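So this one's model_15.txt, compact mmCIF, N, CA and C atoms and all ligand atoms:
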# COMPACT_ATOMS: atom_id res chain seq x y z
N MET Q 14 46.14 48.40 -15.96
CA MET Q 14 44.74 48.48 -15.52
C MET Q 14 44.24 49.91 -15.73
N ILE Q 15 43.07 50.01 -16.32
CA ILE Q 15 42.47 51.32 -16.55
C ILE Q 15 41.33 51.52 -15.55
N THR Q 16 41.29 52.69 -15.00
CA THR Q 16 40.16 53.02 -14.14
C THR Q 16 39.63 54.38 -14.59
N SER Q 17 38.44 54.68 -14.22
CA SER Q 17 37.90 55.97 -14.64
C SER Q 17 37.28 56.70 -13.46
N LYS Q 18 37.35 57.99 -13.55
CA LYS Q 18 36.76 58.86 -12.55
C LYS Q 18 35.65 59.63 -13.22
N THR Q 19 34.55 59.73 -12.56
CA THR Q 19 33.43 60.49 -13.11
C THR Q 19 33.05 61.57 -12.12
N PHE Q 20 32.91 62.78 -12.62
CA PHE Q 20 32.44 63.85 -11.76
C PHE Q 20 31.61 64.84 -12.57
N LEU Q 21 30.81 65.61 -11.84
CA LEU Q 21 29.97 66.62 -12.48
C LEU Q 21 30.64 67.98 -12.33
N LYS Q 22 30.54 68.76 -13.40
CA LYS Q 22 31.16 70.07 -13.39
C LYS Q 22 30.15 71.10 -13.87
N LYS Q 23 30.08 72.19 -13.13
CA LYS Q 23 29.14 73.24 -13.52
C LYS Q 23 29.88 74.26 -14.38
N THR Q 24 29.33 74.56 -15.52
CA THR Q 24 29.98 75.52 -16.41
C THR Q 24 29.65 76.94 -15.98
N ARG Q 25 30.34 77.90 -16.60
CA ARG Q 25 30.09 79.31 -16.24
C ARG Q 25 28.66 79.74 -16.60
N ARG Q 26 28.11 79.11 -17.62
CA ARG Q 26 26.74 79.45 -18.01
C ARG Q 26 25.70 78.78 -17.15
N GLY Q 27 26.14 77.89 -16.25
CA GLY Q 27 25.21 77.29 -15.32
C GLY Q 27 24.75 75.89 -15.67
N SER Q 28 25.16 75.37 -16.84
CA SER Q 28 24.76 74.00 -17.16
C SER Q 28 25.73 73.02 -16.49
N VAL Q 29 25.29 71.79 -16.37
CA VAL Q 29 26.08 70.77 -15.68
C VAL Q 29 26.62 69.77 -16.70
N LEU Q 30 27.91 69.52 -16.64
CA LEU Q 30 28.55 68.57 -17.54
C LEU Q 30 28.98 67.34 -16.75
N LYS Q 31 28.85 66.19 -17.38
CA LYS Q 31 29.38 64.97 -16.76
C LYS Q 31 30.74 64.71 -17.40
N VAL Q 32 31.78 64.66 -16.57
CA VAL Q 32 33.14 64.48 -17.07
C VAL Q 32 33.64 63.10 -16.66
N VAL Q 33 34.11 62.33 -17.63
CA VAL Q 33 34.69 61.02 -17.34
C VAL Q 33 36.16 61.05 -17.74
N ARG Q 34 37.01 60.72 -16.80
CA ARG Q 34 38.45 60.70 -17.09
C ARG Q 34 38.98 59.30 -16.84
N GLU Q 35 39.67 58.76 -17.83
CA GLU Q 35 40.28 57.45 -17.66
C GLU Q 35 41.75 57.62 -17.34
N HIS Q 36 42.26 56.80 -16.45
CA HIS Q 36 43.70 56.80 -16.25
C HIS Q 36 44.18 55.40 -15.88
N TYR Q 37 45.45 55.18 -16.17
CA TYR Q 37 46.05 53.88 -15.92
C TYR Q 37 46.53 53.78 -14.48
N LEU Q 38 46.31 52.62 -13.88
CA LEU Q 38 46.89 52.35 -12.58
C LEU Q 38 48.12 51.48 -12.81
N ARG Q 39 49.20 51.85 -12.17
CA ARG Q 39 50.47 51.12 -12.35
C ARG Q 39 50.92 50.52 -11.03
N ASP Q 40 51.58 49.38 -11.15
CA ASP Q 40 52.10 48.75 -9.93
C ASP Q 40 53.62 48.92 -9.81
N ASP Q 41 54.18 49.77 -10.66
CA ASP Q 41 55.63 49.99 -10.61
C ASP Q 41 55.99 51.40 -10.13
N ILE Q 42 55.07 52.03 -9.40
CA ILE Q 42 55.35 53.35 -8.83
C ILE Q 42 55.82 53.15 -7.39
N TRP Q 43 57.01 53.64 -7.10
CA TRP Q 43 57.60 53.40 -5.79
C TRP Q 43 57.13 54.43 -4.77
N CYS Q 44 57.09 53.95 -3.52
CA CYS Q 44 56.59 54.83 -2.47
C CYS Q 44 57.67 55.82 -1.98
N GLY Q 45 58.93 55.51 -2.23
CA GLY Q 45 60.00 56.45 -1.89
C GLY Q 45 60.60 56.25 -0.51
N SER Q 46 60.10 55.27 0.23
CA SER Q 46 60.61 55.07 1.60
C SER Q 46 61.75 54.06 1.62
N SER Q 47 62.79 54.37 2.39
CA SER Q 47 63.91 53.45 2.55
C SER Q 47 63.54 52.24 3.40
N SER Q 48 62.47 52.35 4.14
CA SER Q 48 62.09 51.22 4.99
C SER Q 48 61.14 50.26 4.28
N CYS Q 49 60.76 50.56 3.06
CA CYS Q 49 59.82 49.72 2.33
C CYS Q 49 60.53 48.47 1.79
N VAL Q 50 59.89 47.31 1.95
CA VAL Q 50 60.47 46.07 1.43
C VAL Q 50 59.76 45.59 0.17
N GLN Q 51 58.69 46.29 -0.22
CA GLN Q 51 57.94 45.86 -1.41
C GLN Q 51 58.42 46.54 -2.69
N CYS Q 52 58.82 47.79 -2.58
CA CYS Q 52 59.28 48.51 -3.77
C CYS Q 52 60.76 48.19 -4.01
N SER Q 53 61.15 48.28 -5.25
CA SER Q 53 62.57 48.04 -5.55
C SER Q 53 63.22 49.35 -6.00
N ASP Q 54 62.91 50.40 -5.31
CA ASP Q 54 63.47 51.72 -5.61
C ASP Q 54 64.96 51.73 -5.28
N PRO Q 55 65.84 51.90 -6.28
CA PRO Q 55 67.28 51.88 -6.00
C PRO Q 55 67.76 53.11 -5.23
N ASN Q 56 66.99 54.18 -5.27
CA ASN Q 56 67.44 55.42 -4.64
C ASN Q 56 66.26 56.13 -3.95
N PRO Q 57 65.73 55.54 -2.88
CA PRO Q 57 64.57 56.15 -2.23
C PRO Q 57 64.91 57.49 -1.57
N SER Q 58 63.97 58.44 -1.65
CA SER Q 58 64.22 59.79 -1.11
C SER Q 58 64.00 59.86 0.40
N LEU Q 59 63.04 59.08 0.89
CA LEU Q 59 62.66 59.18 2.30
C LEU Q 59 63.56 58.30 3.16
N GLU Q 60 63.99 58.84 4.30
CA GLU Q 60 64.89 58.10 5.17
C GLU Q 60 64.17 56.95 5.89
N LYS Q 61 64.97 55.94 6.26
CA LYS Q 61 64.41 54.78 6.94
C LYS Q 61 63.93 55.16 8.35
N GLN Q 62 64.71 55.92 9.05
CA GLN Q 62 64.37 56.36 10.40
C GLN Q 62 64.37 57.88 10.43
N PRO Q 63 63.33 58.53 9.92
CA PRO Q 63 63.33 59.99 9.90
C PRO Q 63 63.36 60.56 11.32
N LYS Q 64 64.27 61.47 11.52
CA LYS Q 64 64.41 62.08 12.84
C LYS Q 64 63.28 63.10 13.05
N SER Q 65 62.60 63.01 14.18
CA SER Q 65 61.54 63.96 14.46
C SER Q 65 62.10 65.15 15.23
N PHE Q 66 61.87 66.35 14.71
CA PHE Q 66 62.30 67.56 15.39
C PHE Q 66 61.16 68.18 16.18
N SER Q 67 60.03 67.49 16.18
CA SER Q 67 58.84 68.01 16.85
C SER Q 67 58.79 67.55 18.30
N THR Q 68 58.38 68.45 19.19
CA THR Q 68 58.18 68.06 20.58
C THR Q 68 56.77 67.50 20.78
N LEU Q 69 55.90 67.75 19.80
CA LEU Q 69 54.53 67.26 19.90
C LEU Q 69 54.41 65.80 19.49
N TYR Q 70 55.25 65.40 18.52
CA TYR Q 70 55.23 64.01 18.06
C TYR Q 70 56.66 63.57 17.85
N THR Q 71 57.17 62.77 18.75
CA THR Q 71 58.60 62.46 18.76
C THR Q 71 58.97 61.20 18.00
N GLU Q 72 57.97 60.39 17.63
CA GLU Q 72 58.26 59.16 16.88
C GLU Q 72 58.68 59.50 15.46
N PRO Q 73 59.51 58.63 14.84
CA PRO Q 73 59.86 58.86 13.43
C PRO Q 73 58.60 58.85 12.56
N HIS Q 74 58.50 59.79 11.66
CA HIS Q 74 57.30 59.87 10.83
C HIS Q 74 57.59 60.63 9.53
N TYR Q 75 56.72 60.42 8.57
CA TYR Q 75 56.72 61.20 7.33
C TYR Q 75 55.55 62.17 7.38
N LEU Q 76 55.70 63.30 6.73
CA LEU Q 76 54.60 64.27 6.65
C LEU Q 76 53.99 64.21 5.25
N ILE Q 77 52.66 64.30 5.18
CA ILE Q 77 51.96 64.37 3.90
C ILE Q 77 51.04 65.58 3.94
N PRO Q 78 51.55 66.74 3.52
CA PRO Q 78 50.71 67.96 3.59
C PRO Q 78 49.66 67.97 2.48
N ASP Q 79 48.54 68.61 2.77
CA ASP Q 79 47.53 68.78 1.72
C ASP Q 79 47.78 70.09 0.97
N THR Q 80 46.94 70.34 -0.01
CA THR Q 80 47.14 71.49 -0.90
C THR Q 80 47.18 72.81 -0.12
N ASN Q 81 46.27 72.96 0.85
CA ASN Q 81 46.20 74.22 1.58
C ASN Q 81 47.46 74.47 2.41
N VAL Q 82 48.04 73.41 2.96
CA VAL Q 82 49.29 73.58 3.72
C VAL Q 82 50.39 74.06 2.77
N VAL Q 83 50.49 73.47 1.60
CA VAL Q 83 51.53 73.88 0.64
C VAL Q 83 51.28 75.32 0.18
N LEU Q 84 50.02 75.65 -0.09
CA LEU Q 84 49.71 76.99 -0.59
C LEU Q 84 49.91 78.08 0.47
N HIS Q 85 49.55 77.78 1.72
CA HIS Q 85 49.54 78.83 2.75
C HIS Q 85 50.68 78.74 3.75
N GLN Q 86 51.40 77.61 3.78
CA GLN Q 86 52.49 77.46 4.76
C GLN Q 86 53.81 77.13 4.07
N MET Q 87 54.00 77.62 2.85
CA MET Q 87 55.20 77.28 2.10
C MET Q 87 56.47 77.76 2.81
N ASP Q 88 56.37 78.92 3.49
CA ASP Q 88 57.53 79.43 4.25
C ASP Q 88 57.98 78.41 5.29
N VAL Q 89 57.00 77.77 5.92
CA VAL Q 89 57.30 76.78 6.96
C VAL Q 89 57.91 75.53 6.32
N LEU Q 90 57.32 75.08 5.21
CA LEU Q 90 57.83 73.87 4.54
C LEU Q 90 59.25 74.07 4.02
N GLU Q 91 59.60 75.32 3.70
CA GLU Q 91 60.95 75.59 3.20
C GLU Q 91 62.00 75.57 4.32
N ASP Q 92 61.56 75.61 5.57
CA ASP Q 92 62.50 75.56 6.69
C ASP Q 92 63.18 74.19 6.70
N PRO Q 93 64.52 74.18 6.85
CA PRO Q 93 65.25 72.90 6.80
C PRO Q 93 64.85 71.90 7.88
N VAL Q 94 64.12 72.35 8.90
CA VAL Q 94 63.69 71.42 9.95
C VAL Q 94 62.66 70.42 9.40
N PHE Q 95 61.98 70.80 8.32
CA PHE Q 95 61.02 69.88 7.71
C PHE Q 95 61.72 69.00 6.70
N GLN Q 96 61.78 67.73 7.03
CA GLN Q 96 62.41 66.73 6.16
C GLN Q 96 61.48 65.53 6.08
N ASN Q 97 61.75 64.68 5.09
CA ASN Q 97 60.96 63.46 4.89
C ASN Q 97 59.48 63.79 4.72
N VAL Q 98 59.22 64.57 3.69
CA VAL Q 98 57.86 65.01 3.39
C VAL Q 98 57.43 64.38 2.07
N ILE Q 99 56.23 63.83 2.05
CA ILE Q 99 55.67 63.24 0.84
C ILE Q 99 54.70 64.25 0.22
N ILE Q 100 55.00 64.65 -1.01
CA ILE Q 100 54.12 65.58 -1.73
C ILE Q 100 53.35 64.76 -2.76
N LEU Q 101 52.04 64.74 -2.62
CA LEU Q 101 51.23 63.96 -3.55
C LEU Q 101 51.13 64.68 -4.90
N GLN Q 102 51.08 63.87 -5.95
CA GLN Q 102 50.99 64.42 -7.30
C GLN Q 102 49.75 65.29 -7.47
N THR Q 103 48.66 64.88 -6.86
CA THR Q 103 47.43 65.67 -6.98
C THR Q 103 47.57 67.02 -6.28
N VAL Q 104 48.35 67.06 -5.18
CA VAL Q 104 48.61 68.32 -4.50
C VAL Q 104 49.49 69.21 -5.39
N LEU Q 105 50.51 68.62 -6.01
CA LEU Q 105 51.38 69.39 -6.91
C LEU Q 105 50.59 69.99 -8.07
N GLN Q 106 49.69 69.19 -8.64
CA GLN Q 106 48.88 69.68 -9.77
C GLN Q 106 47.98 70.83 -9.35
N GLU Q 107 47.39 70.69 -8.18
CA GLU Q 107 46.49 71.74 -7.69
C GLU Q 107 47.28 73.02 -7.39
N VAL Q 108 48.45 72.88 -6.79
CA VAL Q 108 49.28 74.05 -6.48
C VAL Q 108 49.73 74.73 -7.78
N ARG Q 109 50.12 73.92 -8.78
CA ARG Q 109 50.54 74.50 -10.07
C ARG Q 109 49.40 75.28 -10.71
N HIS Q 110 48.19 74.73 -10.58
CA HIS Q 110 47.02 75.36 -11.16
C HIS Q 110 46.66 76.66 -10.43
N ARG Q 111 46.84 76.68 -9.10
CA ARG Q 111 46.36 77.83 -8.31
C ARG Q 111 47.40 78.90 -8.05
N HIS Q 112 48.68 78.52 -7.97
CA HIS Q 112 49.69 79.52 -7.61
C HIS Q 112 51.06 79.09 -8.11
N SER Q 113 51.41 79.52 -9.33
CA SER Q 113 52.65 79.01 -9.94
C SER Q 113 53.93 79.42 -9.20
N PRO Q 114 54.04 80.60 -8.56
CA PRO Q 114 55.28 80.87 -7.81
C PRO Q 114 55.51 79.87 -6.67
N ILE Q 115 54.45 79.49 -5.98
CA ILE Q 115 54.59 78.50 -4.91
C ILE Q 115 54.92 77.14 -5.51
N TYR Q 116 54.34 76.84 -6.68
CA TYR Q 116 54.68 75.58 -7.36
C TYR Q 116 56.19 75.53 -7.63
N GLY Q 117 56.76 76.61 -8.09
CA GLY Q 117 58.20 76.67 -8.33
C GLY Q 117 59.01 76.45 -7.06
N ARG Q 118 58.51 77.01 -5.96
CA ARG Q 118 59.22 76.86 -4.67
C ARG Q 118 59.16 75.42 -4.17
N ILE Q 119 58.01 74.77 -4.30
CA ILE Q 119 57.92 73.38 -3.82
C ILE Q 119 58.73 72.45 -4.73
N LYS Q 120 58.77 72.75 -6.03
CA LYS Q 120 59.60 71.94 -6.95
C LYS Q 120 61.07 72.08 -6.58
N GLU Q 121 61.47 73.27 -6.18
CA GLU Q 121 62.86 73.49 -5.78
C GLU Q 121 63.22 72.66 -4.54
N VAL Q 122 62.32 72.65 -3.56
CA VAL Q 122 62.56 71.86 -2.35
C VAL Q 122 62.61 70.37 -2.71
N LEU Q 123 61.76 69.94 -3.66
CA LEU Q 123 61.73 68.52 -4.06
C LEU Q 123 63.06 68.08 -4.68
N THR Q 124 63.76 69.00 -5.31
CA THR Q 124 65.02 68.62 -5.96
C THR Q 124 66.19 68.61 -5.00
N ASN Q 125 66.02 69.14 -3.79
CA ASN Q 125 67.09 69.18 -2.81
C ASN Q 125 67.16 67.83 -2.06
N LYS Q 126 68.17 67.03 -2.39
CA LYS Q 126 68.28 65.67 -1.83
C LYS Q 126 68.41 65.67 -0.31
N GLU Q 127 69.00 66.70 0.26
CA GLU Q 127 69.20 66.74 1.71
C GLU Q 127 67.90 66.89 2.48
N ARG Q 128 66.85 67.35 1.79
CA ARG Q 128 65.57 67.56 2.47
C ARG Q 128 64.71 66.29 2.51
N HIS Q 129 65.01 65.30 1.68
CA HIS Q 129 64.28 64.03 1.66
C HIS Q 129 62.79 64.23 1.38
N PHE Q 130 62.49 65.09 0.41
CA PHE Q 130 61.11 65.24 -0.04
C PHE Q 130 60.88 64.22 -1.16
N HIS Q 131 59.66 63.69 -1.22
CA HIS Q 131 59.34 62.71 -2.26
C HIS Q 131 58.02 63.08 -2.92
N SER Q 132 58.02 63.09 -4.24
CA SER Q 132 56.79 63.33 -4.98
C SER Q 132 56.17 61.97 -5.31
N PHE Q 133 54.99 61.72 -4.79
CA PHE Q 133 54.34 60.43 -4.97
C PHE Q 133 53.19 60.54 -5.96
N THR Q 134 53.21 59.68 -6.96
CA THR Q 134 52.21 59.70 -8.02
C THR Q 134 50.97 58.94 -7.54
N ASN Q 135 50.24 59.56 -6.63
CA ASN Q 135 49.15 58.85 -5.97
C ASN Q 135 48.00 58.48 -6.89
N GLU Q 136 47.76 59.28 -7.92
CA GLU Q 136 46.60 59.01 -8.76
C GLU Q 136 46.77 57.78 -9.65
N HIS Q 137 48.01 57.43 -9.95
CA HIS Q 137 48.25 56.29 -10.83
C HIS Q 137 48.78 55.08 -10.08
N HIS Q 138 48.89 55.19 -8.77
CA HIS Q 138 49.45 54.09 -7.98
C HIS Q 138 48.38 53.03 -7.74
N LYS Q 139 48.76 51.79 -8.09
CA LYS Q 139 47.85 50.67 -7.84
C LYS Q 139 48.32 49.97 -6.58
N LEU Q 140 47.42 49.84 -5.63
CA LEU Q 140 47.77 49.12 -4.41
C LEU Q 140 47.99 47.65 -4.73
N VAL Q 141 49.05 47.09 -4.18
CA VAL Q 141 49.32 45.67 -4.45
C VAL Q 141 49.11 44.85 -3.19
ZN ZN Z 1 57.36 51.03 -1.15
Rewrite the coordinates I just gave you, this time as structure tokens.
Amino acid sequence: MITSKTFLKKTRRGSVLKVVREHYLRDDIWCGSSSCVQCSDPNPSLEKQPKSFSTLYTEPHYLIPDTNVVLHQMDVLEDPVFQNVIILQTVLQEVRHRHSPIYGRIKEVLTNKERHFHSFTNEHHKLV
């Protein structure tokens, strides 16, 4: 399935451009959760019962930080207490575009299996 996004962009000279981007939506992108019964991910990154280390919210949960949290709180995200974190593809792209050293740091955390971080391809995911 193809979908398109349309947005307006202002150029440096001040004129306005209409930008249309097409992208495919796929139904075979896994959510990464071990508790999911719809995806057939053989090796999900996110734990079924993530342990909460927070005193503010004690129920099992996943974290989904936005771009600003990744850009400005990377030291905190690198702390081993943060586990079972979903990093959206759009957040990764924005971080790569704005600050490549932090992009390298978040990619490093994503490769550490003990941290249970999952990169989710949100822009191409088709809800089923
Ligand atoms: Zn799933």
Report as a PDB file with N, CA and C atoms, in the frame of the given file all protein, DNA and RNA residues lying within 10 Å of Leu76 in chain Q, evaluated on only C-alpha atoms, omitting residues in the same chain fewer than 6 positions from it.
ATOM      1  N   PHE Q  95      61.980  70.800   8.320  1.00  0.00           N
ATOM      2  CA  PHE Q  95      61.020  69.880   7.710  1.00  0.00           C
ATOM      3  C   PHE Q  95      61.720  69.000   6.700  1.00  0.00           C
ATOM      4  N   GLN Q  96      61.780  67.730   7.030  1.00  0.00           N
ATOM      5  CA  GLN Q  96      62.410  66.730   6.160  1.00  0.00           C
ATOM      6  C   GLN Q  96      61.480  65.530   6.080  1.00  0.00           C
ATOM      7  N   ASN Q  97      61.750  64.680   5.090  1.00  0.00           N
ATOM      8  CA  ASN Q  97      60.960  63.460   4.890  1.00  0.00           C
ATOM      9  C   ASN Q  97      59.480  63.790   4.720  1.00  0.00           C
ATOM     10  N   VAL Q  98      59.220  64.570   3.690  1.00  0.00           N
ATOM     11  CA  VAL Q  98      57.860  65.010   3.390  1.00  0.00           C
ATOM     12  C   VAL Q  98      57.430  64.380   2.070  1.00  0.00           C
ATOM     13  N   ILE Q  99      56.230  63.830   2.050  1.00  0.00           N
ATOM     14  CA  ILE Q  99      55.670  63.240   0.840  1.00  0.00           C
ATOM     15  C   ILE Q  99      54.700  64.250   0.220  1.00  0.00           C
ATOM     16  N   ILE Q 100      55.000  64.650  -1.010  1.00  0.00           N
ATOM     17  CA  ILE Q 100      54.120  65.580  -1.730  1.00  0.00           C
ATOM     18  C   ILE Q 100      53.350  64.760  -2.760  1.00  0.00           C
ATOM     19  N   PHE Q 130      62.490  65.090   0.410  1.00  0.00           N
ATOM     20  CA  PHE Q 130      61.110  65.240  -0.040  1.00  0.00           C
ATOM     21  C   PHE Q 130      60.880  64.220  -1.160  1.00  0.00           C
TER      22      PHE Q 130
END
Check the smallest atom-to-atom distance from each of Q:Val33, Q:Cys52, Q:Val94, Q:Leu84 to Leu140 in chain Q using only C-alpha atoms, then report the winner.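 Residue with the minimum atom-to-atom distance to Leu140 in chain Q: Q:Cys52.
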Could you state the separation of atom N of Arg109 in chain Q and atom C of Gly45 in chain Q in Å, given to one decimal place? 22.1 Å
Distance CA of Thr80 in chain Q-CA of Ser113 in chain Q, one decimal place? 13.0 Å
Take CA of Ile15 in chain Q and atom N of Arg39 in chain Q and report the distance between them in Å, one decimal. 8.0 Å
How would you report the residues lying within 7 Å of ligand ZN 1 (chain Z), as a ChimeraX atom specification, if you count all atoms listed in the file? /Q:42-46,48-54
Take the residues from that selection and put them in a file with N, CA and C atoms, as a PDB file, in the frame of the given file.
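Dumped to again_32.pdb:
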ATOM      1  N   ILE Q  42      55.070  52.030  -9.400  1.00  0.00           N
ATOM      2  CA  ILE Q  42      55.350  53.350  -8.830  1.00  0.00           C
ATOM      3  C   ILE Q  42      55.820  53.150  -7.390  1.00  0.00           C
ATOM      4  N   TRP Q  43      57.010  53.640  -7.100  1.00  0.00           N
ATOM      5  CA  TRP Q  43      57.600  53.400  -5.790  1.00  0.00           C
ATOM      6  C   TRP Q  43      57.130  54.430  -4.770  1.00  0.00           C
ATOM      7  N   CYS Q  44      57.090  53.950  -3.520  1.00  0.00           N
ATOM      8  CA  CYS Q  44      56.590  54.830  -2.470  1.00  0.00           C
ATOM      9  C   CYS Q  44      57.670  55.820  -1.980  1.00  0.00           C
ATOM     10  N   GLY Q  45      58.930  55.510  -2.230  1.00  0.00           N
ATOM     11  CA  GLY Q  45      60.000  56.450  -1.890  1.00  0.00           C
ATOM     12  C   GLY Q  45      60.600  56.250  -0.510  1.00  0.00           C
ATOM     13  N   SER Q  46      60.100  55.270   0.230  1.00  0.00           N
ATOM     14  CA  SER Q  46      60.610  55.070   1.600  1.00  0.00           C
ATOM     15  C   SER Q  46      61.750  54.060   1.620  1.00  0.00           C
ATOM     16  N   SER Q  48      62.470  52.350   4.140  1.00  0.00           N
ATOM     17  CA  SER Q  48      62.090  51.220   4.990  1.00  0.00           C
ATOM     18  C   SER Q  48      61.140  50.260   4.280  1.00  0.00           C
ATOM     19  N   CYS Q  49      60.760  50.560   3.060  1.00  0.00           N
ATOM     20  CA  CYS Q  49      59.820  49.720   2.330  1.00  0.00           C
ATOM     21  C   CYS Q  49      60.530  48.470   1.790  1.00  0.00           C
ATOM     22  N   VAL Q  50      59.890  47.310   1.950  1.00  0.00           N
ATOM     23  CA  VAL Q  50      60.470  46.070   1.430  1.00  0.00           C
ATOM     24  C   VAL Q  50      59.760  45.590   0.170  1.00  0.00           C
ATOM     25  N   GLN Q  51      58.690  46.290  -0.220  1.00  0.00           N
ATOM     26  CA  GLN Q  51      57.940  45.860  -1.410  1.00  0.00           C
ATOM     27  C   GLN Q  51      58.420  46.540  -2.690  1.00  0.00           C
ATOM     28  N   CYS Q  52      58.820  47.790  -2.580  1.00  0.00           N
ATOM     29  CA  CYS Q  52      59.280  48.510  -3.770  1.00  0.00           C
ATOM     30  C   CYS Q  52      60.760  48.190  -4.010  1.00  0.00           C
ATOM     31  N   SER Q  53      61.150  48.280  -5.250  1.00  0.00           N
ATOM     32  CA  SER Q  53      62.570  48.040  -5.550  1.00  0.00           C
ATOM     33  C   SER Q  53      63.220  49.350  -6.000  1.00  0.00           C
ATOM     34  N   ASP Q  54      62.910  50.400  -5.310  1.00  0.00           N
ATOM     35  CA  ASP Q  54      63.470  51.720  -5.610  1.00  0.00           C
ATOM     36  C   ASP Q  54      64.960  51.730  -5.280  1.00  0.00           C
TER      37      ASP Q  54
END
Neighbours of point (45.7, 59.5, -3.9) within 8 Å, using only N, CA and C atoms, written as an NGL selection string: :Q and (101-103 or 133-138)
Tell me which protein, DNA and RNA residues are within 8 Å of Phe20 in chain Q, counting all atoms listed in the file, leaving out same-chain ones fewer than 5 positions away, and put them as a VMD selection string. chain Q and resid 30 to 34
How close does each residue of range 77-108 of chain Q get to range 115-124 of chain Q, giving the shortest atom pair and distance in Å to one decimal for every residue with an atom at most 8 Å away, counting all atoms listed in the file, sorted by chain and residue number, as a tab-separated table?
residue	atom	partner	partner_atom	distance
Q:Val83	C	Q:Ile115	CA	6.9
Q:Leu84	CA	Q:Ile115	CA	6.7
Q:Met87	CA	Q:Ile115	CA	7.1
Q:Leu90	C	Q:Val122	CA	7.5
Q:Glu91	CA	Q:Val122	CA	6.9
Q:Leu105	C	Q:Tyr116	CA	7.0
Q:Glu107	C	Q:Tyr116	CA	7.8
Q:Val108	C	Q:Tyr116	CA	5.0
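Shortest atom-to-atom contact with Pro78 in chain Q among Q:Gly27, Q:Pro55, Q:Val104, Q:Pro63: Q:Val104, counting all atoms listed in the file.
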Shell of 8 Å around Glu72 in chain Q, all atoms listed in the file, local chain residues under 6 positions omitted, as a list in words: Gln62, Pro63, Lys64, Ser65 and Phe66 of chain Q
As an MDAnalysis selection string, please: all residues of chain Q that backbone DSSP puts in helix (DSSP H, G or I). chainID Q and resid 80:85 87:90 102:111 113:124 126:128 135:137
DSSP on the backbone: which residues in range 19-116 of chain Q end up as strand (DSSP E)? Give the answer as a PyMOL selection string. chain Q and resi 19-23+29-37+98-101
Kindly reconstruct range 26-30 of chain Q with all heavy atoms and present the result as an mmCIF file, in the frame of the given file.
data_model
loop_
_atom_site.group_PDB
_atom_site.id
_atom_site.type_symbol
_atom_site.label_atom_id
_atom_site.label_comp_id
_atom_site.auth_asym_id
_atom_site.auth_seq_id
_atom_site.Cartn_x
_atom_site.Cartn_y
_atom_site.Cartn_z
ATOM 1 N N ARG Q 26 28.110 79.110 -17.620
ATOM 2 C CA ARG Q 26 26.740 79.450 -18.010
ATOM 3 C C ARG Q 26 25.700 78.780 -17.150
ATOM 4 O O ARG Q 26 24.505 78.996 -17.313
ATOM 5 C CB ARG Q 26 26.512 79.069 -19.473
ATOM 6 C CG ARG Q 26 27.280 79.935 -20.422
ATOM 7 C CD ARG Q 26 26.928 79.606 -21.840
ATOM 8 N NE ARG Q 26 27.691 80.440 -22.760
ATOM 9 C CZ ARG Q 26 27.645 80.297 -24.062
ATOM 10 N NH1 ARG Q 26 26.898 79.364 -24.603
ATOM 11 N NH2 ARG Q 26 28.353 81.097 -24.837
ATOM 12 N N GLY Q 27 26.140 77.890 -16.250
ATOM 13 C CA GLY Q 27 25.210 77.290 -15.320
ATOM 14 C C GLY Q 27 24.750 75.890 -15.670
ATOM 15 O O GLY Q 27 24.031 75.263 -14.902
ATOM 16 N N SER Q 28 25.160 75.370 -16.840
ATOM 17 C CA SER Q 28 24.760 74.000 -17.160
ATOM 18 C C SER Q 28 25.730 73.020 -16.490
ATOM 19 O O SER Q 28 26.825 73.377 -16.103
ATOM 20 C CB SER Q 28 24.730 73.800 -18.668
ATOM 21 O OG SER Q 28 25.970 74.086 -19.230
ATOM 22 N N VAL Q 29 25.290 71.790 -16.370
ATOM 23 C CA VAL Q 29 26.080 70.770 -15.680
ATOM 24 C C VAL Q 29 26.620 69.770 -16.700
ATOM 25 O O VAL Q 29 25.879 69.270 -17.541
ATOM 26 C CB VAL Q 29 25.220 70.051 -14.614
ATOM 27 C CG1 VAL Q 29 26.008 68.932 -13.955
ATOM 28 C CG2 VAL Q 29 24.734 71.050 -13.576
ATOM 29 N N LEU Q 30 27.910 69.520 -16.640
ATOM 30 C CA LEU Q 30 28.550 68.570 -17.540
ATOM 31 C C LEU Q 30 28.980 67.340 -16.750
ATOM 32 O O LEU Q 30 29.440 67.455 -15.613
ATOM 33 C CB LEU Q 30 29.821 69.172 -18.154
ATOM 34 C CG LEU Q 30 29.690 70.237 -19.206
ATOM 35 C CD1 LEU Q 30 31.079 70.749 -19.582
ATOM 36 C CD2 LEU Q 30 29.001 69.678 -20.434
#
